[in-house]
Amino acid sequence: MANSLRGEVLNLYKNLLYLGREYPKGDYFKRRLKNVFLKNKDVKDPEKIKELIKRGEFVMKELEALYFLRKYRAMKQRYYSDVNKSN
């Protein structure tokens, strides 16, 4: 059981690190991510580890939503800025 949780944690870390590349303060995000994972490295309780994994997955979803929103705003600005200027 510990190996499967370890794999999940590593996968979560890799995914968050990948998503953090485009975070506005990328260096800050990497440092903070590493500190959080190091802070919780001594947790042995499988239930607590699962809870922390769920929290990490929530952060991942929030980052994805942030990026989609940023992309939407950029697209909207590009394609609808001319409509507003002509009125």
# chains A, B, ... in the order shown; residues from 1 in each chain; ligands from 1
$ residues_around --residues "Tyr67 of chain A" --least-positions-apart "5" --cutoff "10 Å" --atoms "only C-alpha atoms" --output "ChimeraX atom specification"
/A:19,22-23,61-62,72-73
$ write_last_selection --atoms "N, CA and C atoms" --output "short mmCIF file (atom, residue, chain, number, x, y, z; two decimals), in the first residue's frame"
data_model
loop_
_atom_site.label_atom_id
_atom_site.label_comp_id
_atom_site.auth_asym_id
_atom_site.auth_seq_id
_atom_site.Cartn_x
_atom_site.Cartn_y
_atom_site.Cartn_z
N LEU A 19 2.45 21.98 -14.11
CA LEU A 19 1.48 23.07 -14.18
C LEU A 19 2.06 24.39 -13.68
N GLU A 22 3.88 27.68 -15.85
CA GLU A 22 3.26 28.88 -16.41
C GLU A 22 2.67 29.78 -15.34
N TYR A 23 2.90 29.44 -14.08
CA TYR A 23 2.39 30.29 -12.99
C TYR A 23 3.09 31.63 -13.07
N LYS A 61 -6.53 21.30 -9.85
CA LYS A 61 -7.74 21.73 -10.56
C LYS A 61 -7.88 23.24 -10.55
N GLU A 62 -7.52 23.86 -9.43
CA GLU A 62 -7.59 25.32 -9.35
C GLU A 62 -6.60 25.98 -10.31
N TYR A 72 -8.96 32.26 -21.80
CA TYR A 72 -10.25 32.81 -22.25
C TYR A 72 -10.18 34.33 -22.33
N ARG A 73 -9.61 34.95 -21.32
CA ARG A 73 -9.52 36.41 -21.32
C ARG A 73 -8.66 36.91 -22.47
#
$ closest_residue --among "A:Arg21, A:Leu12, A:Lys76, A:Arg31" --to "Lys54 of chain A" --atoms "only C-alpha atoms"
A:Leu12
$ select_by_dssp --residues "segment 17-59 of chain A" --states "alpha helix (DSSP H)" --output "number ranges by chain"
A: 17-19, 26-39, 46-59
$ closest_residue --among "A:Met60, A:Val9, A:Leu16, A:Val43" --to "Lys30 of chain A" --atoms "only C-alpha atoms"
A:Leu16
$ residues_around --residues "segment 45-48 of chain A" --least-positions-apart "4" --cutoff "12 Å" --atoms "only C-alpha atoms" --output "CSV table (one decimal) with all heavy atoms, in the first residue's frame"
chain,number,residue,atom,x,y,z
A,1,MET,N,0.8,-1.2,0.0
A,1,MET,CA,0.0,0.0,0.0
A,1,MET,C,0.9,1.3,0.0
A,1,MET,O,0.5,2.2,-0.6
A,1,MET,CB,-0.9,0.0,1.2
A,1,MET,CG,-1.8,1.2,1.3
A,1,MET,SD,-3.3,0.8,2.1
A,1,MET,CE,-4.0,2.4,2.2
A,2,ALA,N,2.0,1.2,0.7
A,2,ALA,CA,2.8,2.4,0.8
A,2,ALA,C,3.4,2.7,-0.6
A,2,ALA,O,3.6,3.9,-0.9
A,2,ALA,CB,3.9,2.2,1.8
A,3,ASN,N,3.8,1.7,-1.4
A,3,ASN,CA,4.3,2.0,-2.7
A,3,ASN,C,3.3,2.6,-3.6
A,3,ASN,O,3.7,3.5,-4.4
A,3,ASN,CB,4.9,0.7,-3.3
A,3,ASN,CG,6.2,0.2,-2.7
A,3,ASN,OD1,6.9,1.1,-2.1
A,3,ASN,ND2,6.5,-1.0,-2.8
A,4,SER,N,2.1,2.2,-3.5
A,4,SER,CA,1.1,2.8,-4.4
A,4,SER,C,0.8,4.3,-4.0
A,4,SER,O,0.7,5.2,-4.9
A,4,SER,CB,-0.2,2.1,-4.4
A,4,SER,OG,-0.8,2.2,-3.1
A,5,LEU,N,0.8,4.6,-2.7
A,5,LEU,CA,0.7,6.0,-2.3
A,5,LEU,C,1.9,6.8,-2.7
A,5,LEU,O,1.8,8.0,-3.0
A,5,LEU,CB,0.5,6.0,-0.8
A,5,LEU,CG,-0.9,5.6,-0.3
A,5,LEU,CD1,-1.0,5.6,1.2
A,5,LEU,CD2,-2.0,6.4,-0.9
A,6,ARG,N,3.1,6.2,-2.6
A,6,ARG,CA,4.3,6.9,-2.9
A,6,ARG,C,4.2,7.3,-4.4
A,6,ARG,O,4.6,8.4,-4.8
A,6,ARG,CB,5.5,6.0,-2.7
A,6,ARG,CG,6.9,6.7,-2.9
A,6,ARG,CD,8.0,5.7,-2.6
A,6,ARG,NE,9.3,6.2,-2.5
A,6,ARG,CZ,10.0,7.0,-3.3
A,6,ARG,NH1,9.4,7.3,-4.5
A,6,ARG,NH2,11.2,7.4,-3.1
A,8,GLU,N,1.5,7.7,-6.2
A,8,GLU,CA,0.6,8.8,-6.4
A,8,GLU,C,1.1,10.1,-6.0
A,8,GLU,O,0.9,11.2,-6.6
A,8,GLU,CB,-0.7,8.5,-5.5
A,8,GLU,CG,-1.6,7.5,-6.0
A,8,GLU,CD,-2.8,7.3,-5.2
A,8,GLU,OE1,-3.5,8.3,-5.0
A,8,GLU,OE2,-3.1,6.2,-4.7
A,9,VAL,N,1.9,10.2,-4.9
A,9,VAL,CA,2.5,11.4,-4.4
A,9,VAL,C,3.5,11.9,-5.4
A,9,VAL,O,3.5,13.1,-5.8
A,9,VAL,CB,3.2,11.2,-3.0
A,9,VAL,CG1,4.0,12.4,-2.6
A,9,VAL,CG2,2.1,10.9,-2.0
A,40,ASN,N,5.7,17.7,4.6
A,40,ASN,CA,4.9,16.5,4.8
A,40,ASN,C,5.6,15.2,4.5
A,40,ASN,O,4.9,14.2,4.4
A,40,ASN,CB,3.6,16.7,4.0
A,40,ASN,CG,2.8,17.8,4.5
A,40,ASN,OD1,2.5,18.0,5.7
A,40,ASN,ND2,2.3,18.7,3.6
A,41,LYS,N,6.9,15.2,4.3
A,41,LYS,CA,7.6,13.9,4.0
A,41,LYS,C,7.6,12.9,5.1
A,41,LYS,O,7.7,11.7,4.8
A,41,LYS,CB,9.0,14.2,3.5
A,41,LYS,CG,9.9,14.5,4.6
A,41,LYS,CD,11.3,14.7,4.1
A,41,LYS,CE,12.3,15.0,5.3
A,41,LYS,NZ,13.6,15.0,4.9
A,52,LEU,N,-3.9,14.5,2.0
A,52,LEU,CA,-3.0,15.5,1.4
A,52,LEU,C,-3.0,15.3,-0.1
A,52,LEU,O,-2.9,16.4,-0.8
A,52,LEU,CB,-1.6,15.2,2.0
A,52,LEU,CG,-1.4,15.6,3.5
A,52,LEU,CD1,-0.1,15.1,4.0
A,52,LEU,CD2,-1.5,17.1,3.7
A,53,ILE,N,-3.1,14.1,-0.6
A,53,ILE,CA,-3.2,13.9,-2.0
A,53,ILE,C,-4.4,14.6,-2.6
A,53,ILE,O,-4.4,15.3,-3.6
A,53,ILE,CB,-3.2,12.4,-2.4
A,53,ILE,CG1,-1.8,11.9,-2.1
A,53,ILE,CG2,-3.6,12.2,-3.9
A,53,ILE,CD1,-1.7,10.3,-2.3
A,54,LYS,N,-5.6,14.5,-1.9
A,54,LYS,CA,-6.8,15.1,-2.3
A,54,LYS,C,-6.6,16.7,-2.4
A,54,LYS,O,-7.1,17.3,-3.3
A,54,LYS,CB,-8.0,14.7,-1.5
A,54,LYS,CG,-8.4,13.3,-1.7
A,54,LYS,CD,-9.6,13.0,-0.9
A,54,LYS,CE,-10.0,11.5,-1.2
A,54,LYS,NZ,-11.2,11.1,-0.5
A,55,ARG,N,-5.9,17.2,-1.4
A,55,ARG,CA,-5.7,18.6,-1.3
A,55,ARG,C,-4.8,19.1,-2.5
A,55,ARG,O,-5.1,20.1,-3.1
A,55,ARG,CB,-5.0,19.0,0.0
A,55,ARG,CG,-4.9,20.5,0.1
A,55,ARG,CD,-4.2,21.0,1.4
A,55,ARG,NE,-4.9,20.5,2.6
A,55,ARG,CZ,-4.3,20.5,3.8
A,55,ARG,NH1,-3.1,20.9,3.9
A,55,ARG,NH2,-5.0,20.1,4.8
$ atom_distance --atom1 "atom CA of Leu33 of chain A" --atom2 "atom CA of Tyr18 of chain A"
11.3 Å
$ closest_residue --among "A:Ile49, A:Met75, A:Val59, A:Leu38" --to "Gly20 of chain A" --atoms "only C-alpha atoms"
A:Val59
$ closest_residue --among "A:Lys50, A:Phe58, A:Leu10, A:Leu69" --to "Lys34 of chain A" --atoms "only C-alpha atoms"
A:Leu10
